[in-house]
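**Q** Take a look at the following structure, please.
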Amino acid sequence: MNKLLFALPAAMLLAAPAIGSETSTLNEKQQAKLDQHLEGRTAGEPMSCIGRNDQRNMTVVSDDILIFSSSRHAKTIYVNKPYGGCRDASRNILSYSRPTSQLCRGEPITLVDNTIGMSVGSCAFGEFVPYTKNAD
């Protein structure tokens, strides 16, 4: 019995990194939304920051995927996967401050409950991957 008491916490500690590093899968609706945004676009090299104009329009696809653009019909959009995901991003207000005109990897996002106005969590931006429309 004593061996089991020590083995169980050790097994949980060994399993924790594997669980934490898994990426969540998108449901059908989220995948369709992402596909719609990426249709006819090609991915570019990840960027650390995006400028002020490219922050005007933000779309939450899932807790793990945010899309930024200068407008709904922008030639280039930027896909961001917050580090570790941004739990309940689609159900809360995402609040972030920009110390400069750029929005950069690692900057914090505060999740604010839209009914009570209280902070309910936080996450941080990952790299911004540009997706540009292919020439017709």
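The way I read the labels, and the way they are meant: chains A, B, ... in the order of the structure tokens, residue 1 as the first residue of every chain, and ligand 1 as the first ligand shown, with later ones counted on from there.
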Could you pull out the strand (DSSP E or B) residues of chain A from DSSP and send them as a PyMOL selection string?
**A** chain A and resi 41-43+47+49-50+57-62+65-69+76-80+83+93-95+103-104+108-112+119-124+128-133
**Q** If you count only C-alpha atoms, which residues fall within 12 Å of segment 121-129 of chain A, apart from same-chain ones fewer than 2 positions away, as a PyMOL selection string?
**A** chain A and resi 38+41-51+54-55+63-69+76-89+91-98+102-113+118-119+131-132
**Q** Can you tell me, as a ChimeraX atom specification, which residues in segment 26-87 of chain A count as alpha helix (DSSP H) by DSSP?
**A** /A:28-38
**Q** Which one of A:Lys133, A:Gly117, A:Ser101, A:Arg52 sits closest to Gly40 of chain A if you count only C-alpha atoms?
**A**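 Nearest candidate to Gly40 of chain A out of A:Lys133, A:Gly117, A:Ser101, A:Arg52: A:Lys133.
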**Q** Quick check, in Å to one decimal: how far apart do atom CA of Thr115 of chain A and atom CA of Val60 of chain A lie?
**A**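 Atom CA of Thr115 of chain A sits 18.3 Å away from atom CA of Val60 of chain A.
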**Q** Distance atom CA of Gln30 of chain A-atom CA of Ser90 of chain A, one decimal place?
**A**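 Atom CA of Gln30 of chain A sits 10.7 Å away from atom CA of Ser90 of chain A.
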**Q** In Å to one decimal, how far is atom CA of Thr25 of chain A from atom CA of His73 of chain A?
**A**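 That distance, rounded to one decimal, is 26.5 Å.
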